[in-house]
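File shown: data.pdb (PDB, C-alpha atoms, pLDDT in the B column).
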ATOM      1  CA  MET A 221      29.535  -9.196 -51.310  1.00 48.00           C
ATOM      2  CA  THR A 222      32.066 -10.659 -48.885  1.00 46.00           C
ATOM      3  CA  THR A 223      35.690  -9.698 -48.698  1.00 45.00           C
ATOM      4  CA  PRO A 224      38.068 -12.603 -49.306  1.00 44.00           C
ATOM      5  CA  PRO A 225      40.375 -13.460 -46.409  1.00 47.00           C
ATOM      6  CA  ASP A 226      43.729 -11.680 -46.292  1.00 58.00           C
ATOM      7  CA  PRO A 227      46.397 -14.373 -46.869  1.00 58.00           C
ATOM      8  CA  THR A 228      49.138 -12.008 -45.635  1.00 62.00           C
ATOM      9  CA  GLY A 229      47.587 -11.541 -42.185  1.00 67.00           C
ATOM     10  CA  ASP A 230      48.055  -7.754 -42.463  1.00 74.00           C
ATOM     11  CA  THR A 231      44.420  -7.051 -41.571  1.00 79.00           C
ATOM     12  CA  LEU A 232      43.880  -9.631 -38.826  1.00 87.00           C
ATOM     13  CA  PRO A 233      42.517  -8.082 -35.623  1.00 90.00           C
ATOM     14  CA  PRO A 234      44.604  -7.957 -32.443  1.00 94.00           C
ATOM     15  CA  PRO A 235      43.889 -10.386 -29.602  1.00 94.00           C
ATOM     16  CA  PRO A 236      41.065  -9.349 -27.258  1.00 95.00           C
ATOM     17  CA  GLY A 237      41.861  -6.622 -24.732  1.00 95.00           C
ATOM     18  CA  PHE A 238      44.474  -4.744 -26.762  1.00 96.00           C
ATOM     19  CA  VAL A 239      43.819  -1.028 -27.317  1.00 95.00           C
ATOM     20  CA  PRO A 240      45.753   1.759 -29.076  1.00 92.00           C
ATOM     21  CA  LEU A 241      47.869   4.142 -27.036  1.00 87.00           C
ATOM     22  CA  PRO A 242      46.114   7.437 -26.339  1.00 84.00           C
ATOM     23  CA  ASP A 243      47.212  10.345 -28.523  1.00 78.00           C
ATOM     24  CA  SER A 244      49.033  11.961 -25.588  1.00 75.00           C
ATOM     25  CA  LEU A 245      51.409   8.955 -25.385  1.00 78.00           C
ATOM     26  CA  ALA A 246      51.688   8.073 -29.065  1.00 72.00           C
ATOM     27  CA  SER A 247      54.601  10.271 -30.125  1.00 72.00           C
ATOM     28  CA  GLY A 248      55.122  11.254 -33.739  1.00 74.00           C
ATOM     29  CA  PHE A 249      57.938   8.776 -34.224  1.00 73.00           C
ATOM     30  CA  ASN A 250      55.997   5.928 -32.634  1.00 71.00           C
ATOM     31  CA  VAL A 251      53.034   6.643 -34.891  1.00 73.00           C
ATOM     32  CA  ALA A 252      55.257   7.022 -37.976  1.00 72.00           C
ATOM     33  CA  SER A 253      56.948   3.680 -37.254  1.00 74.00           C
ATOM     34  CA  GLY A 254      53.627   1.869 -36.994  1.00 76.00           C
ATOM     35  CA  GLY A 255      52.960   2.049 -33.262  1.00 84.00           C
ATOM     36  CA  PHE A 256      51.743  -0.759 -31.054  1.00 93.00           C
ATOM     37  CA  LEU A 257      48.774  -1.669 -28.888  1.00 95.00           C
ATOM     38  CA  VAL A 258      48.643  -2.239 -25.122  1.00 96.00           C
ATOM     39  CA  ALA A 259      46.719  -4.388 -22.666  1.00 97.00           C
ATOM     40  CA  GLN A 260      46.975  -5.254 -18.995  1.00 96.00           C
ATOM     41  CA  GLU A 261      47.720  -8.731 -17.709  1.00 94.00           C
ATOM     42  CA  ALA A 262      48.247  -9.593 -14.026  1.00 93.00           C
ATOM     43  CA  GLY A 263      48.949  -5.948 -13.174  1.00 91.00           C
ATOM     44  CA  ALA A 264      51.577  -5.559 -15.884  1.00 94.00           C
ATOM     45  CA  LEU A 265      51.446  -3.682 -19.166  1.00 96.00           C
ATOM     46  CA  ILE A 266      51.820  -5.880 -22.226  1.00 97.00           C
ATOM     47  CA  GLY A 267      52.208  -4.648 -25.759  1.00 97.00           C
ATOM     48  CA  GLY A 268      51.819  -6.043 -29.199  1.00 97.00           C
ATOM     49  CA  PHE A 269      51.572  -5.346 -32.895  1.00 96.00           C
ATOM     50  CA  ARG A 270      50.664  -7.137 -36.082  1.00 96.00           C
ATOM     51  CA  VAL A 271      53.662  -7.536 -38.380  1.00 96.00           C
ATOM     52  CA  THR A 272      52.464  -5.979 -41.627  1.00 94.00           C
ATOM     53  CA  ALA A 273      54.238  -5.412 -44.926  1.00 93.00           C
ATOM     54  CA  ALA A 274      55.253  -1.939 -43.723  1.00 92.00           C
ATOM     55  CA  CYS A 275      57.218  -3.561 -40.857  1.00 92.00           C
ATOM     56  CA  CYS A 276      59.132  -6.008 -43.022  1.00 95.00           C
ATOM     57  CA  ASN A 277      62.526  -6.107 -44.665  1.00 95.00           C
ATOM     58  CA  ARG A 278      63.170  -7.524 -48.136  1.00 95.00           C
ATOM     59  CA  ALA A 279      63.166 -11.063 -46.761  1.00 95.00           C
ATOM     60  CA  GLY A 280      59.587 -10.660 -45.492  1.00 94.00           C
ATOM     61  CA  PHE A 281      60.475 -10.572 -41.795  1.00 97.00           C
ATOM     62  CA  CYS A 282      59.981  -7.777 -39.287  1.00 97.00           C
ATOM     63  CA  HIS A 283      62.873  -5.336 -39.582  1.00 96.00           C
ATOM     64  CA  GLY A 284      65.200  -5.257 -36.572  1.00 97.00           C
ATOM     65  CA  GLY A 285      64.901  -1.477 -36.441  1.00 95.00           C
ATOM     66  CA  ARG A 286      61.133  -1.805 -36.070  1.00 95.00           C
ATOM     67  CA  LEU A 287      61.545  -4.286 -33.219  1.00 97.00           C
ATOM     68  CA  ALA A 288      64.103  -2.019 -31.525  1.00 97.00           C
ATOM     69  CA  THR A 289      61.850   1.042 -31.825  1.00 95.00           C
ATOM     70  CA  VAL A 290      58.859  -0.751 -30.347  1.00 95.00           C
ATOM     71  CA  CYS A 291      60.953  -2.228 -27.517  1.00 97.00           C
ATOM     72  CA  ASP A 292      62.499   1.141 -26.676  1.00 96.00           C
ATOM     73  CA  ILE A 293      59.139   2.866 -26.317  1.00 94.00           C
ATOM     74  CA  PHE A 294      57.310  -0.069 -24.749  1.00 96.00           C
ATOM     75  CA  LEU A 295      59.892  -0.830 -22.039  1.00 97.00           C
ATOM     76  CA  ALA A 296      59.769   2.763 -20.779  1.00 95.00           C
ATOM     77  CA  LEU A 297      55.970   2.775 -20.684  1.00 94.00           C
ATOM     78  CA  ALA A 298      55.828  -0.637 -18.993  1.00 96.00           C
ATOM     79  CA  VAL A 299      58.167   0.467 -16.199  1.00 95.00           C
ATOM     80  CA  VAL A 300      56.245   3.695 -15.606  1.00 93.00           C
ATOM     81  CA  PHE A 301      52.998   1.700 -15.536  1.00 93.00           C
ATOM     82  CA  ARG A 302      54.145  -1.061 -13.182  1.00 93.00           C
ATOM     83  CA  GLU A 303      56.245   1.037 -10.817  1.00 92.00           C
ATOM     84  CA  ASP A 304      53.846   4.008 -10.751  1.00 87.00           C
ATOM     85  CA  LEU A 305      56.684   6.391 -11.587  1.00 87.00           C
ATOM     86  CA  ARG A 306      55.672  10.031 -11.890  1.00 83.00           C
ATOM     87  CA  ASP A 307      58.457  10.809 -14.356  1.00 80.00           C
ATOM     88  CA  ASP A 308      57.230  12.933 -17.236  1.00 74.00           C
ATOM     89  CA  PHE A 309      59.506  11.260 -19.780  1.00 83.00           C
ATOM     90  CA  LEU A 310      62.242   8.584 -19.767  1.00 92.00           C
ATOM     91  CA  PRO A 311      64.905   9.382 -22.399  1.00 95.00           C
ATOM     92  CA  THR A 312      66.894   6.357 -23.524  1.00 97.00           C
ATOM     93  CA  VAL A 313      70.492   6.107 -22.326  1.00 98.00           C
ATOM     94  CA  SER A 314      71.173   2.647 -23.742  1.00 98.00           C
ATOM     95  CA  LEU A 315      69.250   0.014 -25.692  1.00 98.00           C
ATOM     96  CA  THR A 316      70.632  -3.415 -26.514  1.00 98.00           C
ATOM     97  CA  MET A 317      68.816  -5.928 -28.699  1.00 98.00           C
ATOM     98  CA  ASP A 318      69.364  -9.640 -29.188  1.00 98.00           C
ATOM     99  CA  PHE A 319      67.473 -11.088 -32.143  1.00 98.00           C
ATOM    100  CA  MET A 320      66.785 -14.778 -31.538  1.00 98.00           C
ATOM    101  CA  ALA A 321      64.354 -15.723 -34.313  1.00 98.00           C
ATOM    102  CA  PRO A 322      62.823 -14.115 -37.390  1.00 97.00           C
ATOM    103  CA  VAL A 323      59.385 -12.553 -36.928  1.00 98.00           C
ATOM    104  CA  ALA A 324      57.299 -13.303 -40.011  1.00 96.00           C
ATOM    105  CA  ARG A 325      54.782 -11.067 -41.714  1.00 96.00           C
ATOM    106  CA  GLY A 326      51.234 -11.539 -40.456  1.00 95.00           C
ATOM    107  CA  VAL A 327      52.066 -12.755 -36.936  1.00 96.00           C
ATOM    108  CA  TRP A 328      51.132 -11.028 -33.692  1.00 97.00           C
ATOM    109  CA  ALA A 329      54.309  -9.981 -31.862  1.00 98.00           C
ATOM    110  CA  GLU A 330      53.783  -9.557 -28.121  1.00 98.00           C
ATOM    111  CA  LEU A 331      55.945  -7.566 -25.701  1.00 98.00           C
ATOM    112  CA  GLN A 332      56.602  -8.145 -22.009  1.00 98.00           C
ATOM    113  CA  ALA A 333      58.825  -6.138 -19.674  1.00 98.00           C
ATOM    114  CA  ASP A 334      60.481  -6.403 -16.275  1.00 97.00           C
ATOM    115  CA  THR A 335      61.930  -3.670 -14.133  1.00 97.00           C
ATOM    116  CA  LEU A 336      65.446  -4.564 -13.027  1.00 98.00           C
ATOM    117  CA  ARG A 337      66.387  -1.560 -10.904  1.00 98.00           C
ATOM    118  CA  ILE A 338      65.400   2.036 -10.277  1.00 97.00           C
ATOM    119  CA  THR A 339      67.867   4.567  -8.917  1.00 97.00           C
ATOM    120  CA  ARG A 340      67.558   8.284  -8.285  1.00 94.00           C
ATOM    121  CA  SER A 341      68.595   9.058 -11.861  1.00 96.00           C
ATOM    122  CA  LEU A 342      68.277   5.836 -13.901  1.00 97.00           C
ATOM    123  CA  VAL A 343      65.817   3.050 -14.687  1.00 97.00           C
ATOM    124  CA  PHE A 344      66.983  -0.400 -15.833  1.00 98.00           C
ATOM    125  CA  ALA A 345      64.554  -2.669 -17.695  1.00 98.00           C
ATOM    126  CA  GLN A 346      64.495  -5.739 -19.874  1.00 98.00           C
ATOM    127  CA  GLY A 347      61.891  -7.302 -22.088  1.00 98.00           C
ATOM    128  CA  LEU A 348      61.003  -9.971 -24.582  1.00 98.00           C
ATOM    129  CA  VAL A 349      59.265  -9.989 -27.909  1.00 98.00           C
ATOM    130  CA  THR A 350      57.456 -13.299 -28.339  1.00 98.00           C
ATOM    131  CA  VAL A 351      55.467 -14.909 -31.134  1.00 98.00           C
ATOM    132  CA  ASP A 352      53.054 -17.600 -29.983  1.00 97.00           C
ATOM    133  CA  GLY A 353      54.937 -17.682 -26.676  1.00 96.00           C
ATOM    134  CA  ILE A 354      58.330 -18.295 -28.298  1.00 97.00           C
ATOM    135  CA  PRO A 355      61.029 -15.637 -27.689  1.00 98.00           C
ATOM    136  CA  ALA A 356      62.034 -13.822 -30.870  1.00 98.00           C
ATOM    137  CA  ALA A 357      63.981 -10.849 -29.464  1.00 98.00           C
ATOM    138  CA  ARG A 358      65.317  -9.666 -26.119  1.00 98.00           C
ATOM    139  CA  ALA A 359      65.783  -6.024 -25.172  1.00 98.00           C
ATOM    140  CA  SER A 360      67.747  -4.434 -22.359  1.00 98.00           C
ATOM    141  CA  ALA A 361      67.388  -0.712 -21.716  1.00 98.00           C
ATOM    142  CA  VAL A 362      68.594   2.046 -19.425  1.00 98.00           C
ATOM    143  CA  TYR A 363      66.551   5.246 -19.154  1.00 98.00           C
ATOM    144  CA  HIS A 364      67.315   8.613 -17.577  1.00 97.00           C
ATOM    145  CA  ARG A 365      64.784   9.769 -15.000  1.00 94.00           C
ATOM    146  CA  THR A 366      63.348  13.246 -15.487  1.00 89.00           C
ATOM    147  CA  PRO A 367      61.538  15.508 -13.019  1.00 84.00           C
ATOM    148  CA  PRO A 368      58.055  14.325 -12.047  1.00 80.00           C
ATOM    149  CA  ALA A 369      55.124  15.439 -14.142  1.00 68.00           C
ATOM    150  CA  ARG A 370      53.706  18.706 -12.839  1.00 75.00           C
ATOM    151  CA  ASP A 371      50.248  17.202 -12.922  1.00 70.00           C
ATOM    152  CA  SER A 372      50.555  13.625 -11.640  1.00 65.00           C
ATOM    153  CA  ALA A 373      47.019  12.882 -12.867  1.00 66.00           C
ATOM    154  CA  ASN A 374      48.408  13.322 -16.385  1.00 72.00           C
ATOM    155  CA  SER A 375      51.606  11.316 -15.884  1.00 79.00           C
ATOM    156  CA  MET A 376      52.315   8.530 -18.387  1.00 83.00           C
ATOM    157  CA  GLY A 377      51.444   5.852 -15.812  1.00 84.00           C
ATOM    158  CA  ALA A 378      48.181   7.534 -14.784  1.00 84.00           C
ATOM    159  CA  ILE A 379      47.102   7.891 -18.412  1.00 86.00           C
ATOM    160  CA  LEU A 380      47.806   4.184 -19.074  1.00 89.00           C
ATOM    161  CA  ARG A 381      46.037   3.037 -15.899  1.00 87.00           C
ATOM    162  CA  ALA A 382      42.972   5.108 -16.831  1.00 88.00           C
ATOM    163  CA  LEU A 383      43.008   3.572 -20.316  1.00 89.00           C
ATOM    164  CA  LEU A 384      43.175   0.001 -19.091  1.00 88.00           C
TER
END
Rewrite the structure from the file as structure tokens, please.
Amino acid sequence: MTTPPDPTGDTLPPPPGFVPLPDSLASGFNVASGGFLVAQEAGALIGGFRVTAACCNRAGFCHGGRLATVCDIFLALAVVFREDLRDDFLPTVSLTMDFMAPVARGVWAELQADTLRITRSLVFAQGLVTVDGIPAARASAVYHRTPPARDSANSMGAILRALL
């Protein structure tokens, strides 16, 4: 017996190369909000998630709070990955979102990030959420730097590099 195709797209697989975050990086809130997957492309961390019914508002589009949550967590991880920061954690100081287009149920939303500046105490980053290469949301974030991880082999960046 074959299973009929899912017209909602909720069960479509991710694109090749995307893997779940390891348990040590998938915080309770990230998991509770649906989480996201990661991959590496040209030395940069990229993220993505399938927009399922659990992500959507009453209109059937991805809720802005879901997009903001994913961007907040992803931007911090992407900076740590690319810049090889040894910070144990990057608490959010500021997060600004610009929503440019609705993100429909069933699509694959992909995340990209750029590091803007790193100071002794702050990290500045920006990123895009795209669907089929078209920008749907822009995020700008500032994070507070924390003391380096005691065991740099278990820093967030080292864990991600080992995964990918």
* Which is closer to A:Ala262 than all the others in A:Leu245, A:Leu297, A:Leu384, A:Ile338, using only C-alpha atoms? ->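 Counting only C-alpha atoms, the residue closest to A:Ala262 is A:Leu384.
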* Written as a PyMOL selection string, what is the full residue list that the PyMOL selection byres ((chain A and resi 286) around 12) yields on the file shown? -> chain A and resi 249-256+269-277+281-285+287-293+317+319+323+329+349+357
* Please provide the set of residues having any atom within 7 Å of A:Phe238, restricted to all atoms listed in the file, with same-chain residues fewer than 3 positions apart removed, written as a list in words. =>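 The residues that qualify are Pro234, Pro235, Leu257, Val258 and Ala259 of chain A.
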* For the structure shown, which residues end up in the PyMOL selection byres ((chain A and resi 376) around 12)? Put them as a ChimeraX atom specification, please? => /A:241-246,293-294,296-310,368-375,377-383
* **Resolved residues for the PyMOL selection byres ((chain A and resi 312-315) around 6) as a PyMOL selection string** => chain A and resi 311+316+360-363
* Asked: What separation in Å, quoted to one decimal, exists between atom CA of A:Ala359 and atom CA of A:Gln260?
  ->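 Separation of atom CA of A:Ala359 and atom CA of A:Gln260: 19.8 Å.
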* To do: Record the distance separating atom CA of A:Pro322 and atom CA of A:Gly267, expressed in Å with one decimal.
  =>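 These two atoms are separated by 18.4 Å.
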* Asked: If you count all atoms listed in the file, which residues fall within 10 Å of A:Ile354, apart from same-chain ones fewer than 4 positions away, as an NGL selection string?
  -> :A and (320-321 or 329-330 or 348-350)
* Asked: At what distance in Å, to one decimal, does atom CA of A:Ala264 lie from atom CA of A:Thr231?
  -> 26.7 Å
Build an axis-aligned box that encloses every atom of stretch 374-381 of chain A listed in the file, pad it by 6 Å on each side, and report its centre and edge lengths in Å to one decimal, as AutoDock Vina command-line options.
--center_x 49.2 --center_y 8.2 --center_z -16.9 --size_x 18.3 --size_y 22.3 --size_z 16.3
* Among listed residues A:Gly280, A:Asp334, A:Ser247, A:Gly326, nearest A:Ile266 (using only C-alpha atoms) ->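 Among A:Gly280, A:Asp334, A:Ser247, A:Gly326, it is A:Asp334 that comes nearest to A:Ile266.
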* To do: Using only C-alpha atoms, pick whichever of A:Ala356, A:Ala324, A:Leu295, A:Val351 has the shortest atom-to-atom distance to A:Leu336.
  =>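 Checking each candidate against A:Leu336, we get A:Leu295 as the closest.
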* Counting all atoms listed in the file, which of A:Gly237, A:Asp318, A:Gly353, A:Phe344 gets nearest to A:Gln332? -> A:Gly353
* Nearest to A:Arg340 among A:Pro367, A:Pro240, A:Pro355, A:Gly263, with distances taken over only C-alpha atoms: which residue is it? ->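 Selected residue with least distance to A:Arg340: A:Pro367.
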* Asked: Using only C-alpha atoms, which of A:Ala279, A:Asp352, A:His364, A:Leu265 sits nearest A:Trp328?
  ->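 Of A:Ala279, A:Asp352, A:His364, A:Leu265, the one nearest A:Trp328, counting only C-alpha atoms, is A:Asp352.
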